[in-house]
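Novice: Coordinates in entry10.csv, CSV, C-alpha atoms, are listed below.
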```
chain,number,residue,atom,x,y,z
A,7,MET,CA,28.7,11.8,8.3
A,8,THR,CA,28.6,14.7,5.9
A,9,ASN,CA,25.3,15.6,4.1
A,10,GLU,CA,26.8,14.4,0.9
A,11,HIS,CA,27.6,11.0,2.4
A,12,TYR,CA,24.2,10.8,3.9
A,13,LEU,CA,22.6,11.6,0.5
A,14,ILE,CA,24.5,8.8,-1.2
A,15,VAL,CA,23.9,6.2,1.5
A,16,SER,CA,20.2,7.1,2.1
A,17,TYR,CA,19.4,7.2,-1.6
A,18,PHE,CA,20.5,3.7,-2.2
A,19,LEU,CA,19.2,2.4,1.1
A,20,PHE,CA,15.8,3.8,0.5
A,21,ALA,CA,15.8,2.5,-3.1
A,22,PHE,CA,16.4,-0.9,-1.6
A,23,VAL,CA,13.7,-0.4,1.1
A,24,SER,CA,11.2,0.7,-1.6
A,25,LEU,CA,12.0,-2.3,-3.7
A,26,GLY,CA,11.7,-4.5,-0.6
A,27,LEU,CA,8.2,-3.2,0.1
A,28,GLY,CA,7.2,-4.0,-3.4
A,29,VAL,CA,8.6,-7.6,-3.1
A,30,VAL,CA,6.8,-8.1,0.2
A,31,ALA,CA,3.5,-7.0,-1.3
A,32,TYR,CA,4.1,-9.3,-4.3
A,33,ARG,CA,5.0,-12.3,-2.1
A,34,LEU,CA,1.9,-11.8,0.0
A,35,LEU,CA,-0.4,-11.9,-3.1
A,36,ARG,CA,1.6,-14.4,-5.1
A,37,THR,CA,0.1,-17.7,-3.8
A,38,PRO,CA,-3.6,-16.8,-3.8
A,39,PHE,CA,-3.3,-15.0,-7.1
A,40,GLY,CA,-1.5,-18.0,-8.6
A,41,ALA,CA,-4.4,-20.3,-7.6
A,42,ILE,CA,-6.9,-17.9,-9.1
A,43,ALA,CA,-5.0,-17.6,-12.3
A,44,ASP,CA,-4.6,-21.4,-12.6
A,45,ALA,CA,-8.4,-21.8,-12.0
A,46,VAL,CA,-9.4,-19.2,-14.6
A,47,ALA,CA,-6.8,-19.2,-17.3
A,48,GLY,CA,-4.8,-21.8,-19.3
A,49,LYS,CA,-1.3,-22.8,-18.4
A,50,SER,CA,0.5,-20.2,-20.5
A,51,SER,CA,-2.0,-17.4,-19.7
A,52,SER,CA,-1.7,-18.2,-16.0
A,53,ALA,CA,2.1,-18.0,-16.1
A,54,LEU,CA,1.9,-14.7,-18.0
A,55,LEU,CA,-0.6,-13.2,-15.4
A,56,LYS,CA,1.7,-14.3,-12.5
A,57,ARG,CA,4.7,-12.7,-14.2
A,58,VAL,CA,2.8,-9.5,-14.9
A,59,LEU,CA,1.7,-9.3,-11.2
A,60,HIS,CA,5.4,-9.6,-10.2
A,61,VAL,CA,6.6,-7.0,-12.6
A,62,SER,CA,3.8,-4.5,-12.0
A,63,ILE,CA,4.0,-4.5,-8.2
A,64,THR,CA,7.8,-4.2,-8.0
A,65,MET,CA,7.7,-1.6,-10.8
A,66,ALA,CA,5.1,0.4,-8.9
A,67,ALA,CA,7.3,0.4,-5.8
A,68,VAL,CA,10.3,1.6,-7.9
A,69,LEU,CA,8.2,4.2,-9.6
A,70,GLY,CA,7.1,5.5,-6.3
A,71,PHE,CA,10.7,5.8,-5.2
A,72,LEU,CA,11.8,7.5,-8.4
A,73,SER,CA,8.9,9.9,-8.5
A,74,VAL,CA,10.5,12.0,-5.8
A,75,SER,CA,12.8,14.6,-7.3
A,76,TYR,CA,15.7,15.9,-5.2
A,77,THR,CA,16.1,19.0,-7.4
A,78,GLN,CA,12.4,19.7,-7.6
A,79,HIS,CA,12.6,19.0,-11.4
A,80,GLY,CA,15.5,21.3,-11.9
A,81,CYS,CA,14.3,24.2,-9.7
A,82,VAL,CA,16.9,23.6,-7.0
A,83,ASN,CA,20.6,22.9,-7.6
A,84,TYR,CA,22.9,20.3,-6.0
A,85,GLU,CA,24.5,22.6,-3.5
A,86,TYR,CA,21.1,23.5,-2.1
A,87,VAL,CA,20.2,19.8,-1.8
A,88,VAL,CA,23.3,18.8,0.2
A,89,LYS,CA,23.2,21.9,2.4
A,90,ASN,CA,20.2,21.0,4.5
A,91,ARG,CA,20.0,17.6,6.3
A,92,ASP,CA,16.3,18.1,7.2
A,93,TYR,CA,15.5,18.5,3.5
A,94,LEU,CA,17.2,15.2,2.7
A,95,VAL,CA,15.4,13.4,5.5
A,96,GLN,CA,12.1,14.8,4.4
A,97,LEU,CA,12.7,13.6,0.8
A,98,ASN,CA,13.5,10.1,2.2
A,99,ARG,CA,10.2,10.1,3.9
A,100,GLU,CA,8.5,11.3,0.8
A,101,GLN,CA,10.1,8.3,-1.1
A,102,ILE,CA,8.5,5.8,1.3
A,103,GLN,CA,5.2,7.7,1.2
A,104,SER,CA,5.2,7.6,-2.6
A,105,THR,CA,6.2,4.0,-2.7
A,106,GLY,CA,3.4,3.0,-0.4
A,107,ASN,CA,0.8,5.0,-2.4
A,108,TRP,CA,2.0,3.4,-5.7
A,109,ILE,CA,1.8,-0.1,-4.3
A,110,VAL,CA,-1.7,0.6,-3.1
A,111,TYR,CA,-2.7,1.8,-6.6
A,112,ALA,CA,-1.2,-1.4,-8.1
A,113,VAL,CA,-3.0,-3.6,-5.6
A,114,PHE,CA,-6.3,-2.0,-6.3
A,115,ALA,CA,-5.7,-2.4,-10.0
A,116,TRP,CA,-5.0,-6.1,-9.5
A,117,CYS,CA,-8.2,-6.4,-7.4
A,118,ALA,CA,-10.1,-5.1,-10.4
A,119,VAL,CA,-8.3,-7.6,-12.6
A,120,VAL,CA,-9.3,-10.4,-10.2
A,121,VAL,CA,-13.0,-9.3,-10.4
A,122,ILE,CA,-12.8,-9.8,-14.1
A,123,CYS,CA,-11.1,-13.2,-13.7
A,124,LEU,CA,-13.8,-14.3,-11.2
A,125,VAL,CA,-16.6,-13.3,-13.6
A,126,VAL,CA,-14.9,-15.4,-16.3
A,127,TRP,CA,-14.5,-18.3,-13.8
A,128,ARG,CA,-18.1,-18.1,-12.7
A,129,ASN,CA,-19.4,-18.1,-16.3
A,130,LYS,CA,-17.2,-21.2,-16.9
A,131,GLN,CA,-18.8,-22.8,-13.9
A,132,ASP,CA,-22.3,-22.0,-15.0
A,133,VAL,CA,-21.7,-23.4,-18.5
A,134,SER,CA,-20.1,-26.6,-17.1
A,135,PRO,CA,-21.3,-27.1,-13.5
A,136,ARG,CA,-19.5,-30.4,-13.1
A,137,GLU,CA,-16.0,-28.8,-13.3
B,2,MET,CA,16.1,12.4,20.3
B,3,SER,CA,14.7,15.4,18.3
B,4,PRO,CA,11.0,16.5,18.6
B,5,HIS,CA,10.4,15.4,15.0
B,6,SER,CA,11.6,11.9,15.8
B,7,ILE,CA,9.4,11.6,18.9
B,8,VAL,CA,6.3,12.8,17.0
B,9,PHE,CA,7.2,10.4,14.1
B,10,LEU,CA,7.6,7.4,16.4
B,11,ALA,CA,4.4,8.1,18.4
B,12,SER,CA,2.5,8.6,15.1
B,13,PHE,CA,3.9,5.4,13.7
B,14,VAL,CA,3.0,3.3,16.8
B,15,ILE,CA,-0.5,4.7,16.9
B,16,ALA,CA,-1.0,4.2,13.2
B,17,ILE,CA,0.1,0.5,13.5
B,18,LEU,CA,-2.4,0.1,16.4
B,19,VAL,CA,-5.2,1.7,14.5
B,20,VAL,CA,-4.5,-0.6,11.4
B,21,GLY,CA,-4.3,-3.7,13.7
B,22,LEU,CA,-7.6,-2.8,15.3
B,23,LEU,CA,-9.3,-2.1,12.0
B,24,TYR,CA,-8.1,-5.4,10.6
B,25,ARG,CA,-9.3,-7.3,13.6
B,26,LEU,CA,-12.7,-5.6,13.5
B,27,LEU,CA,-13.3,-6.2,9.8
B,28,HIS,CA,-11.4,-9.4,9.0
B,29,PRO,CA,-14.0,-12.0,10.2
B,30,SER,CA,-17.1,-10.4,8.6
B,31,LEU,CA,-15.1,-9.6,5.4
B,32,ARG,CA,-14.0,-13.2,5.2
B,33,GLY,CA,-17.6,-14.4,5.6
B,34,LEU,CA,-18.9,-12.1,3.0
B,35,LEU,CA,-16.1,-13.0,0.5
B,36,ASP,CA,-16.6,-16.7,1.1
B,37,GLU,CA,-20.3,-16.3,0.5
B,38,ILE,CA,-20.1,-14.3,-2.8
B,39,ILE,CA,-17.0,-15.8,-4.4
B,40,GLY,CA,-16.9,-19.5,-3.5
B,41,LEU,CA,-13.2,-19.8,-4.5
B,42,PRO,CA,-11.0,-19.9,-1.3
B,43,ALA,CA,-7.9,-18.6,-3.2
B,44,ALA,CA,-9.9,-15.5,-4.2
B,45,THR,CA,-11.1,-14.9,-0.7
B,46,ASP,CA,-7.5,-15.2,0.5
B,47,PHE,CA,-6.3,-12.8,-2.3
B,48,TYR,CA,-8.9,-10.1,-1.3
B,49,LEU,CA,-8.1,-10.4,2.4
B,50,ARG,CA,-4.4,-10.1,1.8
B,51,ALA,CA,-5.0,-7.2,-0.6
B,52,PHE,CA,-7.0,-5.5,2.1
B,53,ALA,CA,-4.2,-6.0,4.7
B,54,ILE,CA,-1.6,-4.6,2.2
B,55,VAL,CA,-3.8,-1.6,1.4
B,56,ILE,CA,-4.5,-0.5,4.9
B,57,VAL,CA,-0.9,-1.1,6.1
B,58,PHE,CA,0.7,0.8,3.1
B,59,VAL,CA,-1.9,3.6,3.3
B,60,ALA,CA,-1.2,4.2,6.9
B,61,LEU,CA,2.6,3.9,6.4
B,62,ALA,CA,2.4,6.4,3.6
B,63,ALA,CA,0.4,8.9,5.6
B,64,VAL,CA,2.8,8.7,8.6
B,65,PHE,CA,5.9,9.1,6.4
B,66,GLY,CA,4.3,11.9,4.4
B,67,ALA,CA,3.2,14.0,7.4
B,68,GLY,CA,5.4,17.0,8.0
B,69,HIS,CA,6.1,18.1,11.5
B,70,GLY,CA,7.6,21.5,10.7
B,71,ASP,CA,5.5,23.1,13.4
B,72,ILE,CA,7.2,21.5,16.3
B,73,LYS,CA,10.4,23.1,17.7
B,74,ASP,CA,12.9,22.2,20.4
B,75,GLY,CA,11.5,22.8,23.9
B,76,ALA,CA,7.9,22.3,22.7
B,77,ARG,CA,5.3,21.7,25.4
B,78,PHE,CA,3.4,18.4,25.9
B,79,MET,CA,0.3,19.6,24.1
B,80,GLU,CA,2.3,20.8,21.1
B,81,TYR,CA,3.5,17.2,20.7
B,82,VAL,CA,-0.1,16.0,21.0
B,83,TRP,CA,-1.3,18.4,18.3
B,84,SER,CA,1.5,17.3,16.0
B,85,VAL,CA,0.7,13.6,16.5
B,86,ALA,CA,-3.0,14.5,16.0
B,87,SER,CA,-2.2,16.2,12.7
B,88,SER,CA,-0.4,13.1,11.5
B,89,MET,CA,-3.3,10.9,12.6
B,90,GLN,CA,-5.7,13.1,10.6
B,91,ASP,CA,-3.7,12.1,7.4
B,92,VAL,CA,-3.8,8.4,8.5
B,93,PHE,CA,-7.5,8.4,9.1
B,94,GLN,CA,-8.2,10.4,5.9
B,95,ASN,CA,-6.2,8.0,3.8
B,96,LEU,CA,-7.7,4.9,5.5
B,97,ILE,CA,-11.3,6.2,4.9
B,98,ILE,CA,-10.5,6.7,1.2
B,99,ALA,CA,-8.9,3.3,0.9
B,100,LEU,CA,-11.9,1.7,2.7
B,101,LEU,CA,-14.4,3.4,0.4
B,102,VAL,CA,-12.5,2.2,-2.7
B,103,TYR,CA,-12.4,-1.3,-1.2
B,104,VAL,CA,-16.2,-1.2,-0.4
B,105,THR,CA,-16.9,-0.1,-4.0
B,106,LEU,CA,-14.8,-3.0,-5.3
B,107,ALA,CA,-16.6,-5.5,-3.0
B,108,THR,CA,-20.0,-4.1,-4.3
B,109,VAL,CA,-18.9,-4.5,-7.9
B,110,LEU,CA,-17.8,-8.1,-7.0
B,111,MET,CA,-21.1,-8.8,-5.4
B,112,ALA,CA,-23.0,-7.4,-8.4
B,113,ALA,CA,-20.9,-9.3,-10.9
B,114,LEU,CA,-20.9,-12.6,-9.2
B,115,ARG,CA,-24.5,-12.7,-8.1
B,116,ARG,CA,-26.0,-16.0,-9.3
B,117,LYS,CA,-29.0,-15.7,-11.6
B,118,HIS,CA,-32.0,-17.5,-10.0
```
Output the file's structure in the form of structure tokens.
Specialist:
Amino acid sequence: MTNEHYLIVSYFLFAFVSLGLGVVAYRLLRTPFGAIADAVAGKSSSALLKRVLHVSITMAAVLGFLSVSYTQHGCVNYEYVVKNRDYLVQLNREQIQSTGNWIVYAVFAWCAVVVICLVVWRNKQDVSPRE
Amino acid sequence: MSPHSIVFLASFVIAILVVGLLYRLLHPSLRGLLDEIIGLPAATDFYLRAFAIVIVFVALAAVFGAGHGDIKDGARFMEYVWSVASSMQDVFQNLIIALLVYVTLATVLMAALRRKH
């Protein structure tokens, strides 16, 4: 396999893997988050929150993948990129690293959102303890 | 198999073991704490799953991000060990930061949800 073939195959393969990592993270959080959203918000708000969770975590994964630049933001040309296989492998690893980091940032952000949801839920409970 | 691949695989396996151990050590007490302060099982489940995702992805990112440019063909055993140790330094550093953020979050959660007596 030439370096150019490797570049094409690995780029799309790692894009798919990054997206897959985002989907895995979302699917793990979907069920408990859905229950929290249902308990805290109304039906339409709950559906919106669930949709935003899905979009934000998968987008964070894609953003992580896309944030790695093969040409170092225009400093390196295409010939240099395809000349060195080690450089290509290193960039694939950076794509996974960046994807992991962005998913973690998104999950922490959602943890903060859930804190706010729980404060709202607790206040609701205190106002109407029978619910 | 190239020296880079060997170091990467060794680091990957050790990182997975460290993450598994960390999760097993913290999971029961974290569940107890979250159950006590939140009182909503779905939220406890959410934070436990978020914790698992965070430590797994942080360790994964550190292992994938570690460069092993220092190791060459024909390297000695201790050079492999040093290279793996260098990767593990990144793993532990990222895990510590993630744990500190998580603890901060748990503290905010405790402060916000504490019932008024």
Novice: At a cut-off of 8 Å, list the chain A residues touching chain B, using only C-alpha atoms, as an NGL selection string.
Specialist: :A and (31 or 34-35 or 38-39 or 41-42 or 96 or 99-100 or 102-107 or 109-110 or 113-114 or 117-118 or 120-121 or 124-125 or 128)
Novice: Counting all atoms listed in the file, figure out which residue out of A:Ile63, A:Tyr12, A:Asp92, A:Val23 gets nearest to Arg36 (chain A).
Specialist: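 Counting all atoms listed in the file, the residue closest to Arg36 (chain A) is A:Ile63.
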Novice: Between CA of Tyr32 (chain A) and CA of Ser62 (chain A), what is the spacing in Å?
Specialist: 9.1 Å
Novice: Around (-8.0, -14.5, -14.7) in the file's own coordinates, what residues are found within 8 Å if you use only C-alpha atoms, given back as a list in words?
Specialist: Ile42, Ala43, Asp44, Ala45, Val46, Ala47, Ser52, Leu55, Val119, Val120, Ile122, Cys123, Leu124, Val126 and Trp127 of chain A
Novice: A:Val29, A:Leu13, A:Met65, A:Val58: which is nearest Lys89 (chain A), counting only C-alpha atoms?
Specialist: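 The answer is A:Leu13, which sits nearest to Lys89 (chain A).
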Novice: How big is the axis-aligned box around all listed atoms of region 102-112 of chain B once 5 Å goes on each side, and where's its centre, in Å to one decimal, as lines of an AutoDock Vina configuration file?
Specialist:
```
center_x = -17.7
center_y = -3.3
center_z = -4.4
size_x = 20.6
size_y = 21.0
size_z = 18.0
```
Novice: Give me, please, the distance in Å between CA of Tyr17 (chain A) and CA of Asn98 (chain A), quoted to one decimal.
Specialist: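 Straight-line distance from CA of Tyr17 (chain A) to CA of Asn98 (chain A) works out to 7.6 Å.
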Novice: When distances are computed from only C-alpha atoms, which of B:Trp83, B:Phe78, B:Asp71, B:Ile97 shows the smallest separation from His5 (chain B)?
Specialist: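 Ranked by minimum distance to His5 (chain B), first place goes to B:Asp71.
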Novice: Rounded to one decimal place, report the CA of Gly28 (chain A)-CA of Leu100 (chain B) distance in Å.
Specialist: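 Atom-to-atom, CA of Gly28 (chain A) and CA of Leu100 (chain B) are spaced 20.8 Å apart.
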